[in-house]
Amino acid sequence: NNVAQSLGTIYNMGDMTVSNTLIAKNEAGAAAGGIFCYSSTEKTTVLTNVTIADNTAVHEGGAILAILNAKITINNSIIWGNTSLDENVVSKGLPIEYQNSLVEDITDNTNGNIEGIPANKPLFAGEMSGYDPSIPYYSLDINSPGVNGGDKSLYAAAGGTASDLSGIDRTGNTDIEMGAYESTRNLVYHSNFDTDMINVLRLAKATTSATIDTYEASSLPTRTDYSFAQWTSEANGGTPYTHGQAVDITDITICHIHAPWSKNQTPPTPPLPV
């Protein structure tokens, strides 16, 4: 989230490998809102499991601009929502290579790529209903086309770590995502009083059900002079959940659980003896 008077957030003149990285919400006063690559001799920039989103440039290359002999290879990556007066991924020299990636306005669907058309938008978690800020904004909703769209061999070749950008296991999954984050199922416990406190349990994307825990185990604060009854699906009621109950989360990314409270009754003061 930077502002540059002229060229991009990353300015590269050599060989470079970037993985497990988010480049988002940057502004360039001229060109290359995300990455600018320049070289008089052939130099390669390899982007693997990188998310480049919501960057802007005044003239061209809202996401990437490469000139002369700078070569760009894009693997397992998502480039979306970037803006400029011209194209957002621009090479004025060597052709850009794409593999297992989702790049807006690039309609190549070979080599594991997904067409960058509006119907295939990446569905970032932060854009979805019920989003909670404790979950990375640019992680993917479980229904994103980028889920399971990456190639583990490309990630290994880039020297990718065992975890994604937020520390969630990546290499232990059978398939990996495009972009900087692995998708997760998220169970969000709400204290539901005063300033609503939350505790987010991030679960592996293969999880199809979540077990409801006790309020004490949620690590949320207690409410003075009130008693907790049982969890509910809405802040003011809804479906009740009991401790140990399994909740189906097959088709959702975020499940919100709220704590209802009842006011403790103070017993009446007995009358004084006559």
# chains A, B, ... in the order shown; residues from 1 in each chain; ligands from 1
>>> select_by_dssp(residues="segment 58-249 of chain A", states="helix (DSSP H, G or I)", output="MDAnalysis selection string")
chainID A and resid 118:120 125:127 152:157 216:218
>>> residues_around(residues="Pro122 of chain A", least_positions_apart="6", cutoff="7 Å", atoms="only C-alpha atoms", output="PyMOL selection string")
chain A and resi 140+144-146
>>> residues_around(residues="Leu123 of chain A", least_positions_apart="3", cutoff="12 Å", atoms="only C-alpha atoms", output="ChimeraX atom specification")
/A:53,78,80-81,102,118-120,126-129,131,137-147,178-179,183,253
>>> write_last_selection(atoms="N, CA and C atoms", output="PDB file, in the first residue's frame")
ATOM      1  N   ALA A  53      -3.105  -7.219  -6.850  1.00  0.00           N
ATOM      2  CA  ALA A  53      -4.502  -6.787  -6.923  1.00  0.00           C
ATOM      3  C   ALA A  53      -4.668  -5.334  -6.505  1.00  0.00           C
ATOM      4  N   ILE A  78      -2.454 -14.839  -9.213  1.00  0.00           N
ATOM      5  CA  ILE A  78      -3.694 -14.121  -9.503  1.00  0.00           C
ATOM      6  C   ILE A  78      -3.360 -12.644  -9.682  1.00  0.00           C
ATOM      7  N   TRP A  80      -5.511  -9.246 -10.566  1.00  0.00           N
ATOM      8  CA  TRP A  80      -6.913  -8.851 -10.747  1.00  0.00           C
ATOM      9  C   TRP A  80      -7.182  -7.492 -10.096  1.00  0.00           C
ATOM     10  N   GLY A  81      -8.067  -6.729 -10.743  1.00  0.00           N
ATOM     11  CA  GLY A  81      -8.535  -5.481 -10.152  1.00  0.00           C
ATOM     12  C   GLY A  81      -7.569  -4.322 -10.254  1.00  0.00           C
ATOM     13  N   LEU A 102      -4.540 -16.968 -13.032  1.00  0.00           N
ATOM     14  CA  LEU A 102      -5.767 -16.248 -13.354  1.00  0.00           C
ATOM     15  C   LEU A 102      -5.412 -14.772 -13.455  1.00  0.00           C
ATOM     16  N   PRO A 118     -14.914 -11.710 -16.479  1.00  0.00           N
ATOM     17  CA  PRO A 118     -15.668 -11.397 -15.255  1.00  0.00           C
ATOM     18  C   PRO A 118     -16.303 -12.607 -14.578  1.00  0.00           C
ATOM     19  N   ALA A 119     -16.741 -13.588 -15.372  1.00  0.00           N
ATOM     20  CA  ALA A 119     -17.365 -14.778 -14.778  1.00  0.00           C
ATOM     21  C   ALA A 119     -16.393 -15.582 -13.928  1.00  0.00           C
ATOM     22  N   ASN A 120     -15.097 -15.352 -14.135  1.00  0.00           N
ATOM     23  CA  ASN A 120     -14.069 -16.100 -13.393  1.00  0.00           C
ATOM     24  C   ASN A 120     -13.342 -15.223 -12.376  1.00  0.00           C
ATOM     25  N   GLY A 126     -12.342 -10.936   1.208  1.00  0.00           N
ATOM     26  CA  GLY A 126     -12.743  -9.619   1.673  1.00  0.00           C
ATOM     27  C   GLY A 126     -13.913  -9.027   0.921  1.00  0.00           C
ATOM     28  N   GLU A 127     -14.237  -9.576  -0.229  1.00  0.00           N
ATOM     29  CA  GLU A 127     -15.352  -9.073  -1.026  1.00  0.00           C
ATOM     30  C   GLU A 127     -16.648  -9.826  -0.759  1.00  0.00           C
ATOM     31  N   MET A 128     -16.570 -10.865   0.064  1.00  0.00           N
ATOM     32  CA  MET A 128     -17.714 -11.745   0.254  1.00  0.00           C
ATOM     33  C   MET A 128     -18.535 -11.350   1.469  1.00  0.00           C
ATOM     34  N   SER A 129     -19.807 -11.713   1.448  1.00  0.00           N
ATOM     35  CA  SER A 129     -20.706 -11.436   2.566  1.00  0.00           C
ATOM     36  C   SER A 129     -20.228 -12.158   3.823  1.00  0.00           C
ATOM     37  N   TYR A 131     -17.673 -11.310   5.660  1.00  0.00           N
ATOM     38  CA  TYR A 131     -16.215 -11.262   5.834  1.00  0.00           C
ATOM     39  C   TYR A 131     -15.840 -10.676   7.185  1.00  0.00           C
ATOM     40  N   TYR A 137      -7.735 -10.465   3.589  1.00  0.00           N
ATOM     41  CA  TYR A 137      -8.673  -9.932   2.604  1.00  0.00           C
ATOM     42  C   TYR A 137      -8.517 -10.622   1.252  1.00  0.00           C
ATOM     43  N   TYR A 138      -7.275 -10.866   0.844  1.00  0.00           N
ATOM     44  CA  TYR A 138      -7.027 -11.418  -0.488  1.00  0.00           C
ATOM     45  C   TYR A 138      -6.867 -12.941  -0.491  1.00  0.00           C
ATOM     46  N   SER A 139      -7.252 -13.598   0.607  1.00  0.00           N
ATOM     47  CA  SER A 139      -7.380 -15.052   0.540  1.00  0.00           C
ATOM     48  C   SER A 139      -8.619 -15.362  -0.294  1.00  0.00           C
ATOM     49  N   LEU A 140      -8.793 -16.618  -0.681  1.00  0.00           N
ATOM     50  CA  LEU A 140      -9.854 -16.964  -1.616  1.00  0.00           C
ATOM     51  C   LEU A 140     -11.057 -17.577  -0.923  1.00  0.00           C
ATOM     52  N   ASP A 141     -12.243 -17.159  -1.352  1.00  0.00           N
ATOM     53  CA  ASP A 141     -13.452 -17.847  -0.955  1.00  0.00           C
ATOM     54  C   ASP A 141     -13.368 -19.297  -1.430  1.00  0.00           C
ATOM     55  N   ILE A 142     -13.997 -20.201  -0.705  1.00  0.00           N
ATOM     56  CA  ILE A 142     -13.888 -21.619  -1.016  1.00  0.00           C
ATOM     57  C   ILE A 142     -14.427 -21.944  -2.409  1.00  0.00           C
ATOM     58  N   ASN A 143     -15.275 -21.058  -2.952  1.00  0.00           N
ATOM     59  CA  ASN A 143     -15.852 -21.269  -4.283  1.00  0.00           C
ATOM     60  C   ASN A 143     -15.091 -20.533  -5.389  1.00  0.00           C
ATOM     61  N   SER A 144     -13.935 -19.987  -5.070  1.00  0.00           N
ATOM     62  CA  SER A 144     -13.132 -19.278  -6.067  1.00  0.00           C
ATOM     63  C   SER A 144     -12.609 -20.240  -7.133  1.00  0.00           C
ATOM     64  N   PRO A 145     -12.541 -19.794  -8.388  1.00  0.00           N
ATOM     65  CA  PRO A 145     -11.955 -20.651  -9.428  1.00  0.00           C
ATOM     66  C   PRO A 145     -10.474 -20.921  -9.193  1.00  0.00           C
ATOM     67  N   GLY A 146      -9.830 -20.099  -8.341  1.00  0.00           N
ATOM     68  CA  GLY A 146      -8.408 -20.300  -8.065  1.00  0.00           C
ATOM     69  C   GLY A 146      -8.115 -21.378  -7.047  1.00  0.00           C
ATOM     70  N   VAL A 147      -9.154 -21.861  -6.337  1.00  0.00           N
ATOM     71  CA  VAL A 147      -8.956 -22.932  -5.353  1.00  0.00           C
ATOM     72  C   VAL A 147      -8.558 -24.229  -6.073  1.00  0.00           C
ATOM     73  N   MET A 178      -4.110 -20.944  -6.419  1.00  0.00           N
ATOM     74  CA  MET A 178      -3.439 -19.828  -7.073  1.00  0.00           C
ATOM     75  C   MET A 178      -3.344 -18.689  -6.064  1.00  0.00           C
ATOM     76  N   GLY A 179      -2.333 -17.861  -6.190  1.00  0.00           N
ATOM     77  CA  GLY A 179      -2.221 -16.692  -5.337  1.00  0.00           C
ATOM     78  C   GLY A 179      -1.427 -16.924  -4.075  1.00  0.00           C
ATOM     79  N   SER A 183      -6.877 -21.269   0.684  1.00  0.00           N
ATOM     80  CA  SER A 183      -8.224 -21.039   1.173  1.00  0.00           C
ATOM     81  C   SER A 183      -8.447 -21.820   2.464  1.00  0.00           C
ATOM     82  N   THR A 253     -17.367 -20.439   3.354  1.00  0.00           N
ATOM     83  CA  THR A 253     -16.019 -20.098   3.781  1.00  0.00           C
ATOM     84  C   THR A 253     -16.003 -19.620   5.224  1.00  0.00           C
TER      85      THR A 253
END
>>> select_by_dssp(residues="segment 64-263 of chain A", states="strand (DSSP E or B)", output="MDAnalysis selection string")
chainID A and resid 64:75 78:80 83 89:91 97:99 102:103 114 124 140 163 169 184:190 198:204 209:211 226:228 231:234 237:241 246:248 254:258 261:263
>>> closest_atom_pairs(of="segment 77-137 of chain A", to="segment 196-213 of chain A", cutoff="9 Å", atoms="only C-alpha atoms", output="Markdown table")
| residue | atom | partner | partner_atom | distance |
| --- | --- | --- | --- | --- |
| A:Asp132 | CA | A:Val200 | CA | 8.8 |
| A:Ser134 | CA | A:Val200 | CA | 7.2 |
| A:Ile135 | CA | A:Val200 | CA | 8.1 |
>>> write_last_selection(atoms="N, CA and C atoms", output="mmCIF file, in the first residue's frame")
data_model
loop_
_atom_site.group_PDB
_atom_site.id
_atom_site.type_symbol
_atom_site.label_atom_id
_atom_site.label_comp_id
_atom_site.auth_asym_id
_atom_site.auth_seq_id
_atom_site.Cartn_x
_atom_site.Cartn_y
_atom_site.Cartn_z
ATOM 1 N N ASP A 132 -14.807 -11.240 7.790
ATOM 2 C CA ASP A 132 -14.266 -10.708 9.036
ATOM 3 C C ASP A 132 -12.817 -10.293 8.800
ATOM 4 N N SER A 134 -10.209 -10.382 10.424
ATOM 5 C CA SER A 134 -9.148 -11.260 10.926
ATOM 6 C C SER A 134 -8.716 -12.285 9.884
ATOM 7 N N ILE A 135 -9.477 -12.424 8.824
ATOM 8 C CA ILE A 135 -9.145 -13.328 7.722
ATOM 9 C C ILE A 135 -8.482 -12.504 6.626
#
>>> atom_distance(atom1="atom CA of Glu97 of chain A", atom2="atom CA of Ser163 of chain A")
25.2 Å
>>> residues_around(residues="Asn75 of chain A", least_positions_apart="3", cutoff="6 Å", atoms="only C-alpha atoms", output="PyMOL selection string")
chain A and resi 47-48+99-101
>>> closest_atom_pairs(of="segment 128-203 of chain A", to="segment 5-26 of chain A", cutoff="12 Å", atoms="only C-alpha atoms", output="CSV")
residue,atom,partner,partner_atom,distance
A:Pro136,CA,A:Leu22,CA,10.5
A:Tyr137,CA,A:Ala24,CA,10.5
A:Tyr138,CA,A:Leu22,CA,8.1
A:Ser139,CA,A:Leu22,CA,10.0
A:Leu154,CA,A:Ser19,CA,10.5
A:Tyr155,CA,A:Ser19,CA,8.0
A:Ala156,CA,A:Ser19,CA,10.3
A:Ala157,CA,A:Thr17,CA,10.4
A:Ala158,CA,A:Ser19,CA,7.0
A:Gly159,CA,A:Ser19,CA,8.1
A:Gly160,CA,A:Ser19,CA,6.5
A:Thr161,CA,A:Asn20,CA,8.1
A:Ala162,CA,A:Asn20,CA,10.3
A:Ser163,CA,A:Asn20,CA,8.6
A:Asp164,CA,A:Asn20,CA,6.0
A:Leu165,CA,A:Asn20,CA,5.4
A:Ser166,CA,A:Asn20,CA,9.2
A:Gly167,CA,A:Asn20,CA,10.3
A:Ile168,CA,A:Asn20,CA,11.3
A:Arg170,CA,A:Asn20,CA,10.3
A:Ile176,CA,A:Asn20,CA,11.9
A:Glu177,CA,A:Asn20,CA,10.9
A:Met178,CA,A:Asn20,CA,10.0
A:Gly179,CA,A:Asn20,CA,7.3
A:Ala180,CA,A:Asn20,CA,4.6
A:Tyr181,CA,A:Asn20,CA,7.4
A:Glu182,CA,A:Asn20,CA,10.0
>>> atom_distance(atom1="atom CA of Asn82 of chain A", atom2="atom CA of Gly29 of chain A")
14.0 Å
>>> decode(residues="segment 19-44 of chain A", atoms="N, CA, C and O atoms", output="PDB file, in the first residue's frame")
ATOM      1  N   SER A  19       7.737 -15.323  -4.515  1.00  0.00           N
ATOM      2  CA  SER A  19       6.709 -16.318  -4.215  1.00  0.00           C
ATOM      3  C   SER A  19       6.019 -15.973  -2.905  1.00  0.00           C
ATOM      4  O   SER A  19       6.560 -15.241  -2.072  1.00  0.00           O
ATOM      5  N   ASN A  20       4.796 -16.522  -2.742  1.00  0.00           N
ATOM      6  CA  ASN A  20       4.031 -16.289  -1.509  1.00  0.00           C
ATOM      7  C   ASN A  20       3.976 -14.804  -1.150  1.00  0.00           C
ATOM      8  O   ASN A  20       4.243 -14.408  -0.011  1.00  0.00           O
ATOM      9  N   THR A  21       3.602 -13.986  -2.107  1.00  0.00           N
ATOM     10  CA  THR A  21       3.681 -12.533  -1.915  1.00  0.00           C
ATOM     11  C   THR A  21       2.391 -11.859  -2.358  1.00  0.00           C
ATOM     12  O   THR A  21       1.787 -12.243  -3.367  1.00  0.00           O
ATOM     13  N   LEU A  22       1.980 -10.851  -1.597  1.00  0.00           N
ATOM     14  CA  LEU A  22       0.846 -10.014  -1.949  1.00  0.00           C
ATOM     15  C   LEU A  22       1.350  -8.627  -2.315  1.00  0.00           C
ATOM     16  O   LEU A  22       2.098  -8.003  -1.546  1.00  0.00           O
ATOM     17  N   ILE A  23       0.954  -8.138  -3.481  1.00  0.00           N
ATOM     18  CA  ILE A  23       1.259  -6.770  -3.920  1.00  0.00           C
ATOM     19  C   ILE A  23      -0.084  -6.115  -4.203  1.00  0.00           C
ATOM     20  O   ILE A  23      -0.741  -6.423  -5.198  1.00  0.00           O
ATOM     21  N   ALA A  24      -0.519  -5.228  -3.317  1.00  0.00           N
ATOM     22  CA  ALA A  24      -1.884  -4.720  -3.420  1.00  0.00           C
ATOM     23  C   ALA A  24      -1.982  -3.256  -3.002  1.00  0.00           C
ATOM     24  O   ALA A  24      -1.246  -2.777  -2.140  1.00  0.00           O
ATOM     25  N   LYS A  25      -2.919  -2.572  -3.654  1.00  0.00           N
ATOM     26  CA  LYS A  25      -3.317  -1.208  -3.304  1.00  0.00           C
ATOM     27  C   LYS A  25      -2.152  -0.219  -3.336  1.00  0.00           C
ATOM     28  O   LYS A  25      -2.026   0.646  -2.465  1.00  0.00           O
ATOM     29  N   ASN A  26      -1.309  -0.349  -4.350  1.00  0.00           N
ATOM     30  CA  ASN A  26      -0.220   0.603  -4.560  1.00  0.00           C
ATOM     31  C   ASN A  26      -0.576   1.534  -5.722  1.00  0.00           C
ATOM     32  O   ASN A  26      -1.372   1.191  -6.592  1.00  0.00           O
ATOM     33  N   GLU A  27       0.044   2.703  -5.744  1.00  0.00           N
ATOM     34  CA  GLU A  27      -0.217   3.682  -6.788  1.00  0.00           C
ATOM     35  C   GLU A  27       1.093   4.148  -7.410  1.00  0.00           C
ATOM     36  O   GLU A  27       2.059   4.430  -6.694  1.00  0.00           O
ATOM     37  N   ALA A  28       1.119   4.216  -8.735  1.00  0.00           N
ATOM     38  CA  ALA A  28       2.286   4.736  -9.455  1.00  0.00           C
ATOM     39  C   ALA A  28       1.861   5.958 -10.263  1.00  0.00           C
ATOM     40  O   ALA A  28       0.871   5.911 -11.000  1.00  0.00           O
ATOM     41  N   GLY A  29       2.622   7.024 -10.135  1.00  0.00           N
ATOM     42  CA  GLY A  29       2.282   8.258 -10.820  1.00  0.00           C
ATOM     43  C   GLY A  29       2.462   8.188 -12.326  1.00  0.00           C
ATOM     44  O   GLY A  29       1.893   9.001 -13.056  1.00  0.00           O
ATOM     45  N   ALA A  30       3.241   7.215 -12.810  1.00  0.00           N
ATOM     46  CA  ALA A  30       3.449   7.081 -14.254  1.00  0.00           C
ATOM     47  C   ALA A  30       2.970   5.711 -14.732  1.00  0.00           C
ATOM     48  O   ALA A  30       1.929   5.580 -15.356  1.00  0.00           O
ATOM     49  N   ALA A  31       3.739   4.648 -14.399  1.00  0.00           N
ATOM     50  CA  ALA A  31       3.417   3.316 -14.912  1.00  0.00           C
ATOM     51  C   ALA A  31       3.840   2.252 -13.894  1.00  0.00           C
ATOM     52  O   ALA A  31       4.583   2.528 -12.962  1.00  0.00           O
ATOM     53  N   ALA A  32       3.343   1.024 -14.118  1.00  0.00           N
ATOM     54  CA  ALA A  32       3.730  -0.143 -13.307  1.00  0.00           C
ATOM     55  C   ALA A  32       3.350   0.020 -11.838  1.00  0.00           C
ATOM     56  O   ALA A  32       4.191   0.236 -10.983  1.00  0.00           O
ATOM     57  N   GLY A  33       2.062  -0.099 -11.565  1.00  0.00           N
ATOM     58  CA  GLY A  33       1.601   0.042 -10.196  1.00  0.00           C
ATOM     59  C   GLY A  33       2.140  -1.026  -9.263  1.00  0.00           C
ATOM     60  O   GLY A  33       2.314  -0.772  -8.072  1.00  0.00           O
ATOM     61  N   GLY A  34       2.402  -2.230  -9.806  1.00  0.00           N
ATOM     62  CA  GLY A  34       2.913  -3.311  -8.973  1.00  0.00           C
ATOM     63  C   GLY A  34       4.391  -3.578  -9.167  1.00  0.00           C
ATOM     64  O   GLY A  34       5.190  -3.404  -8.250  1.00  0.00           O
ATOM     65  N   ILE A  35       4.778  -4.006 -10.368  1.00  0.00           N
ATOM     66  CA  ILE A  35       6.161  -4.401 -10.649  1.00  0.00           C
ATOM     67  C   ILE A  35       6.628  -3.764 -11.955  1.00  0.00           C
ATOM     68  O   ILE A  35       5.917  -3.817 -12.968  1.00  0.00           O
ATOM     69  N   PHE A  36       7.834  -3.204 -11.924  1.00  0.00           N
ATOM     70  CA  PHE A  36       8.482  -2.696 -13.129  1.00  0.00           C
ATOM     71  C   PHE A  36       9.780  -3.459 -13.345  1.00  0.00           C
ATOM     72  O   PHE A  36      10.615  -3.544 -12.442  1.00  0.00           O
ATOM     73  N   CYS A  37       9.933  -4.044 -14.538  1.00  0.00           N
ATOM     74  CA  CYS A  37      11.139  -4.799 -14.870  1.00  0.00           C
ATOM     75  C   CYS A  37      11.784  -4.207 -16.118  1.00  0.00           C
ATOM     76  O   CYS A  37      11.118  -4.006 -17.142  1.00  0.00           O
ATOM     77  N   TYR A  38      13.103  -3.968 -15.998  1.00  0.00           N
ATOM     78  CA  TYR A  38      13.852  -3.368 -17.104  1.00  0.00           C
ATOM     79  C   TYR A  38      15.206  -4.061 -17.198  1.00  0.00           C
ATOM     80  O   TYR A  38      15.895  -4.271 -16.194  1.00  0.00           O
ATOM     81  N   SER A  39      15.595  -4.431 -18.423  1.00  0.00           N
ATOM     82  CA  SER A  39      16.931  -5.004 -18.615  1.00  0.00           C
ATOM     83  C   SER A  39      17.321  -4.910 -20.085  1.00  0.00           C
ATOM     84  O   SER A  39      16.515  -5.194 -20.977  1.00  0.00           O
ATOM     85  N   SER A  40      18.578  -4.529 -20.341  1.00  0.00           N
ATOM     86  CA  SER A  40      19.076  -4.479 -21.714  1.00  0.00           C
ATOM     87  C   SER A  40      19.478  -5.863 -22.205  1.00  0.00           C
ATOM     88  O   SER A  40      19.507  -6.126 -23.402  1.00  0.00           O
ATOM     89  N   THR A  41      19.812  -6.773 -21.275  1.00  0.00           N
ATOM     90  CA  THR A  41      20.073  -8.170 -21.613  1.00  0.00           C
ATOM     91  C   THR A  41      18.969  -9.018 -20.991  1.00  0.00           C
ATOM     92  O   THR A  41      18.268  -8.569 -20.078  1.00  0.00           O
ATOM     93  N   GLU A  42      18.808 -10.254 -21.467  1.00  0.00           N
ATOM     94  CA  GLU A  42      17.682 -11.058 -20.994  1.00  0.00           C
ATOM     95  C   GLU A  42      17.816 -11.414 -19.516  1.00  0.00           C
ATOM     96  O   GLU A  42      18.756 -12.088 -19.101  1.00  0.00           O
ATOM     97  N   LYS A  43      16.875 -10.945 -18.737  1.00  0.00           N
ATOM     98  CA  LYS A  43      16.776 -11.253 -17.310  1.00  0.00           C
ATOM     99  C   LYS A  43      15.336 -11.682 -17.030  1.00  0.00           C
ATOM    100  O   LYS A  43      14.397 -11.150 -17.629  1.00  0.00           O
ATOM    101  N   THR A  44      15.182 -12.634 -16.131  1.00  0.00           N
ATOM    102  CA  THR A  44      13.862 -13.243 -15.918  1.00  0.00           C
ATOM    103  C   THR A  44      13.337 -12.970 -14.513  1.00  0.00           C
ATOM    104  O   THR A  44      14.044 -13.154 -13.524  1.00  0.00           O
TER     105      THR A  44
END
